[in-house]
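This report refers to the structure that appears directly beneath it.
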Amino acid sequence: MTTSKIKIPEPQKWNPSEVEIIKEKSNFLRGTLEKSLDDIVTGSIADDDTQLIKFHGSYQQTNRDLDDERKNQKLEPLYSFMIRTRTPAGIATAKQWLALDGLSDKYGNNTLKLTTRQAFQLHGVIKQNLKQTIQGINDVLLDSIAACGDVNRNVMSTSNEGLSPVVAEIAEFAKSISNHLLPKTTAYHEIWLNKKLLAGGVQDEEPILGKTYLPRKFKIAIAVPPHNDTDVFSNDIGLIAVTKNDELLGYNLAVGGGMGKTYGMPETYPRLTDILGYVPKDNTLNVVEEIVKIQRDYGNREHRKLARLKYTLDRLGSETFIDLLESKLGFKLEASRPYKFESNGDVFGWKKAATDKWFLGLFVEHGHVKDAPDYKLKSALKEIAKLHICDFRLTGNQGLVLGNIEETDKTKIQAVLNKYKIADRNKISGIRKNAIACVALNTCTMAFAEAERYLPSLLTKLERILETYGLRNDEILIRMTGCPNGCGRPFLGEIGLVGRNPGKYNLYLGASFSGDQLNSLYKEMVSEKEILELLEPLFKQYAEQRNDEERFGNFVVRKGIVETPSVVKAIR
Amino acid sequence: MDVNFKGELDEVTFSTVELFNKSDKSSQKESVPIEKPKTNQSDIYQAEILEKILLNGRGSKKETYHIELSLEDSGLNYQPGDALEVFAINEKKLVNTIIHKLNFTGEEPIALKNENITLTQALLHFREITVITLPVLKNLSTYVDEPGINHLLDNRDQLSDFLEGTDLLDLINTYRFNLSPQQLIDALRPLPPRAYSIASSQSEVGDEAHLTVSPVRYNKNNRQHNGVASTYFADRITLDEKIGIRVKSNDGFRLPEENTSIIMIGPGTGVAPFRAFLQERSENGHTGKNWLFFGDQHFETDFLYQAEWLKYRKKGILSKIDVAFSRDQKNKLYVQHRLKENAEEIYKWLQEGAHIYVCGDRKKMTHDVKNTLIEIVQEQGGLKKEEAEEQILQYRKQNRYQEDVY
């Protein structure tokens, strides 16, 4: 094969941003964390350390509802920390579930949050309990390393083995990727686990990530068609499993997705991946590593808002990117194989896996596991965990799958669910089933408006309208976030609501139901009243004029109600 | 008669005049301004309440108020370490209950020095009713028929227990009094002012004075008892209202030379004058180092003025700050524990000439703090206990150890 002279661009020299300097000075993510943890005069950590603690899986937060009041009282904000686990493919054992449940009661705010990236979050941990909490997590062989920060985040993968015979293999691959790309620094063990792993004088090394780690967060997800419950196209790297006769052959490689944008900065935008080709499974880890390294070397280290891989990809251009990648790999990517996704929602109910074990998909509203007076979900799941007859698999939709259940144990689990009257999925409305809301207020520092605390009540109002038009059981994908960072992947919602100010949102419409088409802006700065007034006629129109099996998102695009949004492009 | 009475003649007159000029509490929009020349330090000045902030965070079991008073046009001056005497008004509910129990109406005329006022006004403004002293008890006993009260007066131990936390209503509920309104007023002692360490420096706040006040509330005989001035601030006064105050100089609690270091020990409301110290030192560019020891119940809600200390620490004005929150862990931690932990450094500062200041509730801590300091000097200096005690005494004589306890 003749190779024409391909021009591979050199990495640019950047004027490092403030965060880059903090990382550089931090001695592989140590900073002054130890000192900050010992400072009992404040519940916060030093400013620079707030950037570094992310790499350790934690965020400093405040109780925002009390910020003003405490300021008047000459008190500092009420600081607390969020801790997020690293749980590739969202898989946890019953023992791990129980440990986290216990930690949430002992050190957290009595709830567990199941995130949109299949990780657990504990909220409300005060500084002086951080070490104990992380140690508690570590005691059950979990950790929080690289759950946040400029690193490869929690690797997502479908984990309901009832959906496809290759799920077990791809979930295992997710773990491999996670481990392979994990920061090697021993800072985590030193600071939190009191273990000094390095002999005197020996320095930490980061062969893949580099001393200042990646320019920005990096997200990888795996999915096996027809289920796109991990929203692969919204990730930096999406791996679409290609199978033949129930055997995993390899992956279609999707690169350059990312949800976030900043209001008032048109250079920022949500983007779906380009499909760059196909890779046989044995080469995939290598390909993933090379892409990470390209991002490490070429990603923008000057402007954090332009640092995600999607901007690197657009700056270089997809063709150049492929050339660059292939030159690193030493081989060419094959053409992508055909695939079809049908839904990016969760699958509820009992499913039997190829192993003859059973998997049960449960609905958890916005991933919030707690005990309400009339709905004790947390206690129910704790009781199930205590039986030690299943594992716990978080989904990409903030849901939960109980996995690896023996046929003979099904009734035991069902009995607990019945005892606590855990919602029968059939009774949940179509719009509520797949709804995603990020945490937003009270704790997220980025939130402009409510999400998790508000969406349930909005859905109740929408349900009434949908009921009127006979749409109660139609699955419509709605996603709400408190800000445009997009942790709740709002730009992939058939209805997307992105917070602008308290009580005001931008309304987006028209994504597909399978995560391969973004939505478009319909109206800015709408209040609840306007949301209801705007959606009602659209629901009516949809009920009356849709084609058979046509989804709401595709309907509004077809009818020209919104601009034609962007879709996934296949380059190879 | 009560010895104090004479000394407060002026107060009575002044206050009475103020009283009649002040509109009724229910329509407290404005009082007729009195044209006066610059206030003498011995006159009572009617200071407007500019700010009243509850310093304890939501969920706290404590109640501490930050009060800002206006000294505008008073011409009054104070120094860090000084106190304000506050002339409070009694609780209306308590006064009415007392009047009712004695079968009075409250409208009965009372002659008080040169004025004629009602019984209600007399009890509200001019008489101590929340604290019963021995002389007052003796005065009142002449109006009680029962022998019990005389037995009580004869028994010293029983007496002091009885008087602890007892107010006038407790007495009335215990014994049957047979007296006229005038006799009642004559038997009671004048309402004395309460002194609060000033929590500000005029270098920073100009013609204002700030106070840190924690209402005294306790339960006795199945009834809530309230400290008169502290709950006056907490419950009965609002912004824009005025309260009578007077500056009380305290030469026993003064900042040292500007390049001398200081160690301040002030748990709870004892931290008030140290706020004044730091404001003064900050505004005037003192180079001496400053070290604060503070303690209270819970870090999250009771760290009085936390945001200000953090600001001073960031600026380098507060060189060190050590805190102890007694109820945040199983074992009770107090400032004296922090002192012990820092024994070496404290001793070093003392060797360098630092001054020590202790301010706070006498009952709660001064004893332990003093003993801890003696222990530190003993240990670090390799001294015998008596020698260490002598050392602290020397510091006292040199004005290097100063106390403001209440």
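Order determines the names: the first chain of the structure tokens is A, the second B, and so forth; residues in each chain are numbered 1 upward, and ligands are numbered 1 upward as they are shown.
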
Selection: 6 Å around stretch 134-147 of chain B, only C-alpha atoms, excl. self and same-chain fewer than 4 positions, as a VMD selection string
chain B and resid 177 to 179 187 to 188

Starting from chain A, keep only residues with some atom at most 12 Å from an atom of chain B, counting only C-alpha atoms, and report them as a list in words.
Asp38, Asp39, Ile40, Val41, Thr42, Gly43, Ser44, Ala46, Asn63, Asp65, Leu66, Asp67, Asp68, Glu69, Arg70, Lys71, Asn72, Gln73, Lys74, Leu75, Glu76, Pro77, Leu78, Tyr79, Ser80, Ile126, Lys127, Gln128 and Asn129 of chain A

Residue among B:Val131, B:Leu278, B:Ile376, B:Ile110 lying closest to B:Leu255, counting only C-alpha atoms
B:Leu278

I need the residue nearest A:Ile428 from this list: A:Glu528, A:Glu365, A:Leu182, A:Ala385. Use only C-alpha atoms for the distance.
A:Glu365

Just the residues within 10 Å of A:Lys95, please, counting only C-alpha atoms, with nothing from its chain fewer than 6 positions along; format it as a ChimeraX atom specification.
/A:101,140-141,385-388,391-392

Write out as a PyMOL selection string which residues come within 9 Å of A:Glu563 when counting only C-alpha atoms, dropping same-chain ones fewer than 2 positions away.
chain A and resi 510+519-522+557+560-561+565

Residues just named, written with N, CA and C atoms as an mmCIF file, in the first residue's frame:
```
data_model
loop_
_atom_site.group_PDB
_atom_site.id
_atom_site.type_symbol
_atom_site.label_atom_id
_atom_site.label_comp_id
_atom_site.auth_asym_id
_atom_site.auth_seq_id
_atom_site.Cartn_x
_atom_site.Cartn_y
_atom_site.Cartn_z
ATOM 1 N N GLY A 510 -36.506 17.921 19.951
ATOM 2 C CA GLY A 510 -36.191 17.262 18.691
ATOM 3 C C GLY A 510 -35.066 16.261 18.656
ATOM 4 N N ASN A 519 -30.907 17.798 20.082
ATOM 5 C CA ASN A 519 -32.112 18.628 19.948
ATOM 6 C C ASN A 519 -31.701 20.030 19.510
ATOM 7 N N SER A 520 -32.708 20.865 19.256
ATOM 8 C CA SER A 520 -32.451 22.248 18.855
ATOM 9 C C SER A 520 -33.186 23.179 19.790
ATOM 10 N N LEU A 521 -32.698 24.412 19.878
ATOM 11 C CA LEU A 521 -33.332 25.384 20.763
ATOM 12 C C LEU A 521 -34.715 25.741 20.242
ATOM 13 N N TYR A 522 -35.698 25.678 21.138
ATOM 14 C CA TYR A 522 -37.065 26.044 20.742
ATOM 15 C C TYR A 522 -37.413 27.415 21.296
ATOM 16 N N VAL A 557 -39.189 17.410 14.500
ATOM 17 C CA VAL A 557 -38.227 17.725 13.438
ATOM 18 C C VAL A 557 -38.892 17.616 12.074
ATOM 19 N N GLY A 560 -40.957 20.415 11.176
ATOM 20 C CA GLY A 560 -40.284 21.699 11.083
ATOM 21 C C GLY A 560 -40.516 22.605 12.283
ATOM 22 N N ILE A 561 -40.914 22.034 13.397
ATOM 23 C CA ILE A 561 -41.167 22.852 14.586
ATOM 24 C C ILE A 561 -39.862 23.384 15.149
ATOM 25 N N PRO A 565 -31.689 19.313 13.606
ATOM 26 C CA PRO A 565 -30.529 19.286 14.493
ATOM 27 C C PRO A 565 -29.417 18.425 13.913
#
```
